[in-house]
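Data file: coords_2.tsv. Format and content: TSV, C-alpha atoms and all ligand atoms.
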chain	number	residue	atom	x	y	z
A	1	MET	CA	170.23	145.56	104.94
A	2	ARG	CA	168.91	148.71	106.60
A	3	ARG	CA	170.09	150.74	103.69
A	4	ARG	CA	168.31	148.44	101.32
A	5	THR	CA	165.04	148.84	103.25
A	6	ARG	CA	165.29	152.61	103.15
A	7	TRP	CA	166.02	152.47	99.44
A	8	THR	CA	163.11	150.15	98.88
A	9	ARG	CA	160.76	152.50	100.77
A	10	ALA	CA	162.00	155.49	98.85
A	11	TRP	CA	161.56	153.46	95.72
A	12	ILE	CA	157.96	152.49	96.45
A	13	GLY	CA	157.11	156.06	97.45
A	14	LEU	CA	158.60	157.46	94.29
A	15	VAL	CA	156.80	154.94	92.12
A	16	ALA	CA	153.48	155.48	93.93
A	17	LEU	CA	153.78	159.23	93.38
A	18	ALA	CA	154.64	158.72	89.75
A	19	TRP	CA	151.60	156.55	89.08
A	20	SER	CA	149.06	158.37	91.14
A	21	ALA	CA	149.93	161.62	89.39
A	22	PRO	CA	151.07	160.84	85.86
A	23	SER	CA	151.10	164.46	84.75
A	24	TRP	CA	153.33	165.32	87.64
A	25	ALA	CA	155.56	162.39	86.84
A	26	GLN	CA	155.87	163.54	83.29
A	27	GLU	CA	156.66	167.17	83.90
A	28	THR	CA	158.58	167.38	87.16
A	29	PRO	CA	162.04	165.92	87.73
A	30	ALA	CA	162.13	163.29	90.47
A	31	PRO	CA	162.99	164.66	93.91
A	32	ALA	CA	166.62	164.56	95.00
A	33	GLN	CA	167.66	161.30	96.61
A	34	THR	CA	168.98	161.13	100.12
A	35	GLY	CA	171.53	158.44	99.28
A	36	ALA	CA	174.84	159.07	97.61
A	37	ALA	CA	173.91	159.59	93.97
A	38	PRO	CA	176.47	158.85	91.28
A	39	GLU	CA	178.18	161.94	89.98
A	40	GLU	CA	176.67	163.59	86.96
A	41	PRO	CA	178.68	162.52	83.95
A	42	ALA	CA	180.87	165.16	82.38
A	43	ALA	CA	179.54	166.88	79.28
A	44	GLY	CA	179.78	164.63	76.25
A	45	GLU	CA	180.31	161.55	78.39
A	46	VAL	CA	177.60	158.88	78.44
A	47	ALA	CA	176.89	157.45	81.88
A	48	ARG	CA	176.88	153.68	81.82
A	49	VAL	CA	174.74	151.17	83.63
A	50	PRO	CA	177.23	149.52	86.00
A	51	GLU	CA	177.80	145.82	85.48
A	52	THR	CA	176.72	145.22	89.08
A	53	ALA	CA	173.22	146.33	88.07
A	54	TYR	CA	172.76	143.10	86.15
A	55	GLY	CA	171.72	139.79	87.67
A	56	ALA	CA	173.42	136.51	86.84
A	57	ASP	CA	171.16	136.05	83.82
A	58	GLY	CA	172.10	139.42	82.38
A	59	PHE	CA	168.80	141.03	83.23
A	60	ASN	CA	168.04	143.50	86.01
A	61	GLY	CA	169.83	142.38	89.13
A	62	PRO	CA	169.30	143.47	92.75
A	63	ALA	CA	171.47	146.54	92.32
A	64	PHE	CA	169.51	147.81	89.36
A	65	GLU	CA	166.89	149.72	91.29
A	66	ASP	CA	169.52	151.33	93.51
A	67	TRP	CA	171.33	152.41	90.42
A	68	LEU	CA	168.16	153.89	88.97
A	69	LEU	CA	167.29	155.77	92.15
A	70	GLY	CA	170.68	157.38	92.31
A	71	SER	CA	170.95	157.78	88.61
A	72	PRO	CA	171.37	161.19	87.07
A	73	PHE	CA	168.82	160.01	84.48
A	74	ARG	CA	166.07	159.85	87.13
A	75	LEU	CA	164.13	157.19	85.32
A	76	VAL	CA	161.09	155.82	87.10
A	77	PRO	CA	160.07	152.37	85.93
A	78	ARG	CA	156.64	150.99	86.60
A	79	PRO	CA	156.67	148.37	89.38
A	80	ARG	CA	156.78	144.82	88.12
A	81	ALA	CA	153.26	144.02	89.34
A	82	GLU	CA	151.85	146.75	87.10
A	83	THR	CA	153.53	145.73	83.88
A	84	PRO	CA	150.95	145.38	81.13
A	85	PRO	CA	150.11	141.85	79.98
A	86	ARG	CA	152.96	140.54	77.84
A	87	LEU	CA	152.38	138.80	74.61
A	88	PRO	CA	153.61	135.24	74.86
A	89	ARG	CA	156.52	134.34	72.61
A	90	GLY	CA	155.49	134.54	69.01
A	91	ARG	CA	156.76	133.60	65.61
A	92	PRO	CA	158.92	136.20	63.89
A	93	VAL	CA	156.77	138.71	62.04
A	94	GLU	CA	158.07	138.77	58.47
A	95	GLY	CA	156.86	138.65	54.89
A	96	GLY	CA	153.34	139.49	53.83
A	97	PHE	CA	150.12	138.99	55.76
A	98	ALA	CA	146.61	138.17	54.69
A	99	GLY	CA	144.12	141.02	54.54
A	100	ARG	CA	144.73	144.67	53.79
A	101	ARG	CA	146.38	145.42	57.11
A	102	LEU	CA	149.34	147.71	57.59
A	103	LEU	CA	151.43	148.20	60.70
A	104	LEU	CA	153.53	151.37	60.82
A	105	THR	CA	156.89	151.04	62.59
A	106	PHE	CA	159.47	153.72	63.34
A	107	ASP	CA	163.09	152.86	64.09
A	108	ASP	CA	166.15	154.41	65.73
A	109	GLY	CA	164.33	157.01	67.87
A	110	PRO	CA	163.25	158.68	69.96
A	111	PHE	CA	163.99	162.07	68.39
A	112	PRO	CA	162.88	165.06	70.50
A	113	GLU	CA	162.80	167.26	67.39
A	114	THR	CA	160.57	165.08	65.23
A	115	THR	CA	158.87	162.34	67.32
A	116	PRO	CA	156.38	164.72	69.03
A	117	ARG	CA	155.17	165.93	65.61
A	118	LEU	CA	154.78	162.32	64.46
A	119	LEU	CA	152.79	161.50	67.61
A	120	GLU	CA	150.53	164.44	66.86
A	121	ILE	CA	149.86	163.06	63.37
A	122	LEU	CA	149.21	159.52	64.61
A	123	ARG	CA	146.91	160.87	67.31
A	124	SER	CA	144.82	162.95	64.93
A	125	GLU	CA	144.63	160.10	62.41
A	126	GLN	CA	143.96	157.50	65.14
A	127	VAL	CA	146.68	155.20	63.86
A	128	PRO	CA	148.63	152.87	66.18
A	129	ALA	CA	152.34	152.29	65.59
A	130	VAL	CA	155.38	150.53	67.00
A	131	PHE	CA	158.51	152.49	67.89
A	132	PHE	CA	161.70	150.43	67.94
A	133	LEU	CA	163.85	152.50	70.23
A	134	LEU	CA	167.60	152.70	70.05
A	135	ALA	CA	168.67	152.40	73.67
A	136	ALA	CA	171.85	154.46	73.29
A	137	ARG	CA	169.72	157.35	72.09
A	138	VAL	CA	167.24	156.93	74.94
A	139	GLN	CA	170.13	157.00	77.37
A	140	GLU	CA	171.86	159.95	75.76
A	141	LEU	CA	168.58	161.89	75.76
A	142	ALA	CA	167.93	160.91	79.35
A	143	GLN	CA	171.05	162.83	80.24
A	144	ARG	CA	169.49	165.87	78.69
A	145	ARG	CA	166.29	165.04	80.61
A	146	GLN	CA	164.45	164.40	77.36
A	147	GLY	CA	164.63	160.63	76.97
A	148	ARG	CA	161.95	159.78	79.47
A	149	ARG	CA	159.65	162.50	78.24
A	150	VAL	CA	159.72	161.49	74.57
A	151	ALA	CA	159.73	157.73	75.24
A	152	ARG	CA	156.83	158.11	77.64
A	153	MET	CA	154.86	160.29	75.25
A	154	ILE	CA	154.96	157.37	72.83
A	155	VAL	CA	153.62	154.94	75.41
A	156	GLN	CA	151.03	157.36	76.78
A	157	ASP	CA	149.61	157.70	73.29
A	158	GLY	CA	149.01	153.95	73.26
A	159	HIS	CA	151.77	152.97	70.84
A	160	ALA	CA	153.95	149.94	71.40
A	161	VAL	CA	157.66	150.28	72.08
A	162	GLY	CA	160.21	147.70	70.99
A	163	ASN	CA	163.91	147.01	71.44
A	164	HIS	CA	166.20	147.95	68.52
A	165	SER	CA	169.50	147.05	70.27
A	166	PHE	CA	171.75	149.34	72.27
A	167	SER	CA	173.99	150.91	69.64
A	168	HIS	CA	172.74	149.59	66.27
A	169	PRO	CA	175.48	147.14	65.24
A	170	HIS	CA	175.13	144.27	62.76
A	171	LEU	CA	174.40	141.66	65.42
A	172	THR	CA	175.58	138.81	63.21
A	173	ARG	CA	179.06	140.36	63.01
A	174	LEU	CA	179.46	140.27	66.81
A	175	GLU	CA	180.51	137.55	69.21
A	176	PRO	CA	177.56	135.95	71.08
A	177	ALA	CA	178.49	137.70	74.35
A	178	GLN	CA	178.46	141.03	72.53
A	179	TRP	CA	175.12	140.62	70.78
A	180	LYS	CA	173.54	139.29	73.97
A	181	HIS	CA	174.80	142.38	75.73
A	182	GLN	CA	173.29	144.58	73.01
A	183	ILE	CA	169.88	142.95	73.49
A	184	VAL	CA	169.96	142.83	77.30
A	185	ARG	CA	171.33	146.29	77.87
A	186	ALA	CA	168.81	147.82	75.48
A	187	HIS	CA	166.08	145.83	77.21
A	188	ASP	CA	166.99	147.43	80.54
A	189	VAL	CA	167.25	150.96	79.17
A	190	VAL	CA	163.95	150.78	77.28
A	191	ARG	CA	162.19	149.14	80.20
A	192	SER	CA	163.44	151.88	82.50
A	193	ALA	CA	162.36	154.62	80.14
A	194	VAL	CA	158.86	153.41	79.32
A	195	GLY	CA	158.01	151.47	82.46
A	196	TYR	CA	157.50	148.01	81.05
A	197	ALA	CA	159.58	145.27	79.50
A	198	PRO	CA	159.52	145.39	75.68
A	199	THR	CA	158.59	142.14	73.96
A	200	LEU	CA	159.12	143.16	70.34
A	201	PHE	CA	162.61	143.21	68.83
A	202	ARG	CA	163.80	144.56	65.53
A	203	PRO	CA	167.38	143.65	64.65
A	204	PRO	CA	169.41	146.56	63.21
A	205	TYR	CA	169.70	146.09	59.42
A	206	GLY	CA	167.30	143.15	59.81
A	207	SER	CA	170.42	141.11	60.46
A	208	VAL	CA	169.83	137.91	62.47
A	209	ASP	CA	170.87	134.27	62.49
A	210	ALA	CA	169.46	131.12	64.08
A	211	ALA	CA	171.40	131.60	67.34
A	212	ILE	CA	170.15	135.17	67.79
A	213	ASP	CA	166.63	134.02	67.00
A	214	ARG	CA	166.82	131.27	69.61
A	215	TYR	CA	168.09	133.75	72.19
A	216	LEU	CA	165.32	136.25	71.38
A	217	GLU	CA	162.76	133.49	71.74
A	218	TYR	CA	164.29	132.42	75.05
A	219	ARG	CA	164.04	136.03	76.25
A	220	GLY	CA	160.37	136.16	75.30
A	221	TYR	CA	160.90	138.45	72.33
A	222	THR	CA	159.02	138.40	69.05
A	223	ARG	CA	161.22	139.54	66.18
A	224	VAL	CA	159.56	141.98	63.80
A	225	GLN	CA	160.99	142.46	60.29
A	226	TRP	CA	159.29	144.55	57.63
A	227	THR	CA	157.50	144.17	54.35
A	228	TYR	CA	157.72	147.71	52.96
A	229	ILE	CA	160.36	150.39	53.29
A	230	ALA	CA	160.57	154.01	52.23
A	231	ASP	CA	163.55	155.28	50.27
A	232	GLU	CA	164.29	157.76	53.04
A	233	PHE	CA	167.86	158.58	52.10
A	234	ARG	CA	167.42	159.17	48.40
A	235	ALA	CA	163.81	160.24	48.03
A	236	ARG	CA	163.88	163.96	48.59
A	237	THR	CA	160.19	164.44	49.24
A	238	PRO	CA	157.53	162.68	51.31
A	239	GLU	CA	155.58	162.18	48.06
A	240	LEU	CA	158.38	160.11	46.51
A	241	MET	CA	158.72	158.04	49.68
A	242	VAL	CA	155.00	157.25	49.75
A	243	ARG	CA	155.09	156.44	46.05
A	244	GLY	CA	157.86	153.89	46.68
A	245	ILE	CA	155.79	152.15	49.35
A	246	LEU	CA	152.68	152.09	47.14
A	247	GLU	CA	154.77	150.67	44.31
A	248	GLN	CA	155.94	147.81	46.56
A	249	ILE	CA	152.36	147.07	47.58
A	250	ARG	CA	151.29	147.01	43.91
A	251	GLU	CA	154.18	144.72	43.06
A	252	ARG	CA	153.13	142.17	45.68
A	253	GLU	CA	149.53	142.41	44.54
A	254	LYS	CA	150.59	141.77	40.94
A	255	GLN	CA	152.50	138.69	42.05
A	256	GLY	CA	149.45	137.39	43.92
A	257	ARG	CA	151.18	137.59	47.29
A	258	ASN	CA	149.72	138.75	50.60
A	259	VAL	CA	149.72	142.52	50.66
A	260	GLY	CA	149.18	143.09	54.39
A	261	GLY	CA	152.42	143.87	56.17
A	262	VAL	CA	154.77	146.02	58.17
A	263	VAL	CA	156.00	149.43	56.98
A	264	LEU	CA	159.44	150.57	58.11
A	265	LEU	CA	160.08	154.29	58.55
A	266	HIS	CA	162.45	156.37	60.66
A	267	ASP	CA	161.16	159.37	62.56
A	268	ALA	CA	164.63	160.93	62.39
A	269	HIS	CA	163.81	163.12	59.40
A	270	ALA	CA	161.03	165.66	59.15
A	271	ARG	CA	160.30	164.40	55.63
A	272	SER	CA	159.81	160.84	56.95
A	273	VAL	CA	157.35	162.14	59.51
A	274	GLU	CA	155.44	163.95	56.77
A	275	CYS	CA	155.70	160.78	54.70
A	276	ALA	CA	153.77	158.95	57.45
A	277	ALA	CA	151.05	161.61	57.34
A	278	LEU	CA	150.79	161.38	53.56
A	279	LEU	CA	150.92	157.58	53.53
A	280	ILE	CA	147.98	157.37	55.92
A	281	ARG	CA	145.95	159.71	53.70
A	282	ARG	CA	146.98	157.95	50.51
A	283	ILE	CA	146.01	154.52	51.87
A	284	ARG	CA	142.65	155.97	52.90
A	285	ALA	CA	142.23	157.38	49.40
A	286	GLU	CA	142.85	153.84	48.15
A	287	ASN	CA	139.90	152.75	50.30
A	288	CYS	CA	137.69	155.23	48.46
A	289	THR	CA	138.64	153.58	45.18
A	290	LEU	CA	137.95	150.14	46.65
A	291	LEU	CA	134.57	151.19	47.98
A	292	GLU	CA	133.64	152.74	44.64
A	293	ALA	CA	134.50	149.43	43.01
A	294	GLY	CA	132.26	147.59	45.48
A	295	ASP	CA	135.09	145.92	47.40
A	296	GLU	CA	134.57	146.22	51.11
A	297	ASP	CA	137.83	144.72	52.30
A	298	VAL	CA	139.35	148.13	52.88
A	299	TRP	CA	142.88	148.87	54.10
A	300	ARG	CA	143.35	149.28	57.84
A	301	PHE	CA	146.14	150.50	60.07
A	302	VAL	CA	146.48	147.95	62.83
A	303	ASP	CA	148.54	147.40	65.97
A	304	ALA	CA	151.22	144.78	66.54
A	305	ASP	CA	148.75	142.24	67.96
A	306	SER	CA	147.21	141.89	64.54
A	307	PHE	CA	150.23	140.00	63.20
A	308	PHE	CA	151.00	138.09	66.34
A	309	GLN	CA	151.26	134.35	65.85
A	310	PRO	CA	151.98	132.23	68.90
A	311	ILE	CA	154.70	129.62	68.69
A	312	GLY	CA	153.03	126.53	67.33
A	313	ALA	CA	150.59	128.42	65.10
A	314	PRO	CA	150.79	127.65	61.39
A	315	ARG	CA	153.69	129.55	59.86
A	316	GLU	CA	152.06	130.39	56.56
A	317	THR	CA	149.69	133.27	56.98
A	318	GLU	CA	147.76	131.91	54.02
A	319	ALA	CA	146.74	129.03	56.25
A	320	LEU	CA	144.90	131.44	58.53
A	321	ASP	CA	141.52	132.93	57.70
A	322	PRO	CA	142.18	136.16	55.83
A	323	PRO	CA	140.96	138.79	58.30
A	324	ARG	CA	138.58	141.07	56.47
A	325	ALA	CA	137.61	144.58	57.46
A	326	THR	CA	134.77	144.74	59.96
A	327	PRO	CA	131.54	146.60	59.06
A	328	ALA	CA	132.62	149.36	61.48
A	329	GLU	CA	135.96	149.73	59.66
A	330	VAL	CA	134.19	149.90	56.31
A	331	GLU	CA	131.81	152.54	57.69
A	332	GLU	CA	134.78	154.52	58.99
A	333	ALA	CA	136.36	154.41	55.54
A	334	ARG	CA	133.09	155.62	53.96
A	335	THR	CA	132.94	158.54	56.38
A	336	TRP	CA	136.53	159.48	55.60
A	337	CYS	CA	135.86	159.43	51.88
A	338	ALA	CA	132.76	161.58	52.30
A	339	THR	CA	134.66	164.24	54.25
A	340	HIS	CA	137.76	164.28	52.04
A	341	ARG	CA	136.13	164.30	48.62
A	342	ASP	CA	137.80	167.57	47.66
A	343	GLU	CA	141.29	166.29	48.42
A	344	LEU	CA	140.99	162.90	46.79
A	345	ASP	CA	142.31	163.82	43.37
A	346	THR	CA	145.35	165.50	44.86
A	347	ILE	CA	146.09	162.53	47.10
A	348	ARG	CA	145.65	160.05	44.25
A	349	SER	CA	147.92	162.10	42.00
A	350	LEU	CA	150.89	160.49	43.73
A	351	ASP	CA	150.34	157.59	41.38
A	352	ARG	CA	151.80	159.68	38.58
A	353	LEU	CA	155.23	159.87	40.25
A	354	GLU	CA	157.77	157.39	39.00
A	355	VAL	CA	159.90	155.46	41.45
A	356	ASP	CA	162.13	152.49	40.72
A	357	ILE	CA	161.77	150.15	43.67
A	358	ASN	CA	164.02	147.59	42.01
A	359	SER	CA	167.00	149.88	41.78
A	360	ASP	CA	169.94	148.69	43.89
A	361	ASP	CA	170.02	152.08	45.54
A	362	PHE	CA	166.45	151.98	46.74
A	363	GLY	CA	166.31	152.44	50.50
A	364	ARG	CA	170.07	152.76	50.89
A	365	ALA	CA	172.13	155.67	52.10
A	366	PRO	CA	174.24	157.26	49.32
A	367	ASP	CA	177.50	156.38	51.11
A	368	GLY	CA	176.42	152.77	51.59
A	369	GLY	CA	176.26	153.21	55.33
A	370	GLY	CA	172.50	153.31	55.66
A	371	THR	CA	170.80	152.42	58.87
A	372	TYR	CA	168.87	149.57	57.38
A	373	GLU	CA	168.83	146.97	54.65
A	374	ARG	CA	166.13	145.09	52.88
A	375	SER	CA	164.04	142.79	55.02
A	376	THR	CA	164.15	139.06	54.89
A	377	ASP	CA	161.01	138.25	53.02
A	378	ASP	CA	158.89	135.26	52.14
A	379	ALA	CA	160.20	135.53	48.58
A	380	SER	CA	163.88	135.83	49.57
A	381	PRO	CA	164.34	133.91	52.79
A	382	SER	CA	168.07	134.52	53.28
A	383	PRO	CA	168.71	136.93	56.20
B	1	ZN	ZN	167.70	151.02	62.77

Using the file provided, produce a representation of the structure as structure tokens.
Amino acid sequence: MRRRTRWTRAWIGLVALAWSAPSWAQETPAPAQTGAAPEEPAAGEVARVPETAYGADGFNGPAFEDWLLGSPFRLVPRPRAETPPRLPRGRPVEGGFAGRRLLLTFDDGPFPETTPRLLEILRSEQVPAVFFLLAARVQELAQRRQGRRVARMIVQDGHAVGNHSFSHPHLTRLEPAQWKHQIVRAHDVVRSAVGYAPTLFRPPYGSVDAAIDRYLEYRGYTRVQWTYIADEFRARTPELMVRGILEQIREREKQGRNVGGVVLLHDAHARSVECAALLIRRIRAENCTLLEAGDEDVWRFVDADSFFQPIGAPRETEALDPPRATPAEVEEARTWCATHRDELDTIRSLDRLEVDINSDDFGRAPDGGGTYERSTDDASPSP
């Protein structure tokens, strides 16, 4: 009991320091603990969260904070009372959405080599995004003292962080105890790294079934699929990747379906990061064309809240009022067009590239072992 009190005090002190001086917390390793810290794992060995750290429900148990304090990872979670407001449970985000809204999402990170560059781009373009973190990578990086830094940079820039499982298996090929463990363990690792409990979940390969969905809902998660993907494995240039996404948008438009939606990218590759930069500019160039044609419902890059639908809301997005661009967003688009007039032709020239989005290979790794598959979609509802 006495030990617990001392731990708790040390815990509160550490947390208070971390939050009163965020720059300190970001740059300086946490001070050495007085208690017996677990041994540093040998090189190449991944330290594991001990089973005793979990409570009876599989989430953080009483031993979790002790484990964190003594952990070689030196993660400092935000105290529970300071967690940001959670979205209530929502309907899965999938298919197309009314309005010209796009949400950028990045899976499988964080990547210390490429994520900081991506954050720089998103910051200068003022575009929010969601990062679905792979917990095994966060943990592995934490050992190299990089996991917290990169994961926290994402959060500090105002982006949302979601759970993308622990080790990226096809959840539907696992036993229930195994897939629950994947969700819960990743929840703990991500929460520890960023300081709050994630509420968005993206299943690896988009692979889910009704039981997994029920469990995610029970855990307060909103599942987020995607509407548009880039052909990251086969497209050799950012230009071809952007072209593939634009082609998918055009295709939906042609079919009279909702064009707003979620874009899936991976910040693993430098070319995918540059693809994000180019995509943002290309979509803004599209706004210039729309404004010239007198259409003021311009494209916008939005955050995850924009697609949030509480349980009980109508499922069909068509049933909701199509959210149109606000006058301020239209004005912002006009300003962008005015300052980028010289570049517009170059940015629009992407339209001349030919990409076959209906090819079976589109979006898949050449060896068939890609990290993602096509989304479930409102036109093809099978998972
Ligand atoms: Zn993935």

May I have a table of the residues of chain A lying at most 8 Å from ligand ZN 1 (chain B), giving each one's closest pair of atoms and their distance in Å to one decimal, counting all atoms listed in the file, ordered by chain and ascending residue number, as JSON lines?
{"residue": "A:Asp107", "atom": "CA", "partner": "B:ZN1", "partner_atom": "ZN", "distance": 5.1}
{"residue": "A:Asp108", "atom": "CA", "partner": "B:ZN1", "partner_atom": "ZN", "distance": 4.8}
{"residue": "A:Phe132", "atom": "CA", "partner": "B:ZN1", "partner_atom": "ZN", "distance": 7.9}
{"residue": "A:Leu134", "atom": "CA", "partner": "B:ZN1", "partner_atom": "ZN", "distance": 7.5}
{"residue": "A:His164", "atom": "CA", "partner": "B:ZN1", "partner_atom": "ZN", "distance": 6.7}
{"residue": "A:His168", "atom": "CA", "partner": "B:ZN1", "partner_atom": "ZN", "distance": 6.3}
{"residue": "A:Pro203", "atom": "CA", "partner": "B:ZN1", "partner_atom": "ZN", "distance": 7.6}
{"residue": "A:Pro204", "atom": "CA", "partner": "B:ZN1", "partner_atom": "ZN", "distance": 4.8}
{"residue": "A:Tyr205", "atom": "CA", "partner": "B:ZN1", "partner_atom": "ZN", "distance": 6.3}
{"residue": "A:His266", "atom": "CA", "partner": "B:ZN1", "partner_atom": "ZN", "distance": 7.8}
{"residue": "A:Thr371", "atom": "CA", "partner": "B:ZN1", "partner_atom": "ZN", "distance": 5.2}
{"residue": "A:Tyr372", "atom": "CA", "partner": "B:ZN1", "partner_atom": "ZN", "distance": 5.7}

Near Glu239 of chain A, counting only C-alpha atoms, which residues have an atom at most 9 Å away, once you skip same-chain residues fewer than 3 positions from it, shown as a PDB file with C-alpha atoms, in the coordinates of the input?
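Contents of out_6.pdb, freshly written:
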ATOM      1  CA  ALA A 235     163.810 160.240  48.030  1.00  0.00           C
ATOM      2  CA  ARG A 236     163.880 163.960  48.590  1.00  0.00           C
ATOM      3  CA  VAL A 242     155.000 157.250  49.750  1.00  0.00           C
ATOM      4  CA  ARG A 243     155.090 156.440  46.050  1.00  0.00           C
ATOM      5  CA  GLY A 244     157.860 153.890  46.680  1.00  0.00           C
ATOM      6  CA  GLU A 274     155.440 163.950  56.770  1.00  0.00           C
ATOM      7  CA  CYS A 275     155.700 160.780  54.700  1.00  0.00           C
ATOM      8  CA  LEU A 278     150.790 161.380  53.560  1.00  0.00           C
ATOM      9  CA  LEU A 279     150.920 157.580  53.530  1.00  0.00           C
ATOM     10  CA  LEU A 350     150.890 160.490  43.730  1.00  0.00           C
ATOM     11  CA  LEU A 353     155.230 159.870  40.250  1.00  0.00           C
TER      12      LEU A 353
END

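You can rank A:Gly158, A:Val93, A:His340, A:Cys288 by their closest distance to Tyr221 of chain A using only C-alpha atoms, and at the top of that list sits A:Val93.
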
(request) Give me the residues within 7 Å of Leu265 of chain A as a ChimeraX atom specification, counting only C-alpha atoms and dropping any in the same chain fewer than 6 places off. (result) /A:105-107,229-230,272

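Counting all atoms listed in the file and comparing A:Val355, A:Phe308, A:Pro92, A:Thr199, the residue that lies closest to Arg214 of chain A is A:Pro92.
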
(request) Give the answer as one residue: which of A:Leu290, A:Ile280, A:Leu119, A:Val302 has the shortest atom-to-atom distance to Ile347 of chain A, using all atoms listed in the file? (result) A:Ile280

(message) Using all atoms listed in the file, can you tell me which of A:Gly90, A:Thr172, A:Ala277, A:Thr222 comes closest to Ser124 of chain A?
(response) A:Ala277

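Counting only C-alpha atoms and comparing A:Leu200, A:Arg100, A:Gly95, A:Asp345, the residue that lies closest to Trp299 of chain A is A:Arg100.
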
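Residue nearest Asp297 of chain A within the list A:Ala151, A:Ala325, A:Ala129, A:Leu171: A:Ala325 [criterion: smallest interatomic distance, all atoms listed in the file].
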
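Residues with any atom within 12 Å of the point (145.3, 141.6, 63.6), counting only C-alpha atoms, are Val93, Phe97, Ala98, Gly99, Arg100, Arg101, Leu102, Leu103, Gly260, Gly261, Val262, Arg300, Phe301, Val302, Asp303, Ala304, Asp305, Ser306, Phe307, Phe308, Gln309, Thr317, Leu320, Asp321, Pro322, Pro323, Arg324, Ala325 and Thr326 of chain A.
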
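Excluding Ala197 of chain A itself and any same-chain residue fewer than 5 positions from it, the protein and nucleic acid residues within 8 Å of it, counting all atoms listed in the file, are Thr83, His187, Asp188, Val190 and Arg191 of chain A.
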
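Atom CA of Thr115 of chain A is found 12.0 Å from atom CA of Arg271 of chain A.
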
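Separating atom CA of Leu104 of chain A from atom CA of Arg234 of chain A is a distance of 20.2 Å.
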
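Between atom CA of Ala135 of chain A and atom CA of Ala186 of chain A the interatomic distance comes to 4.9 Å.
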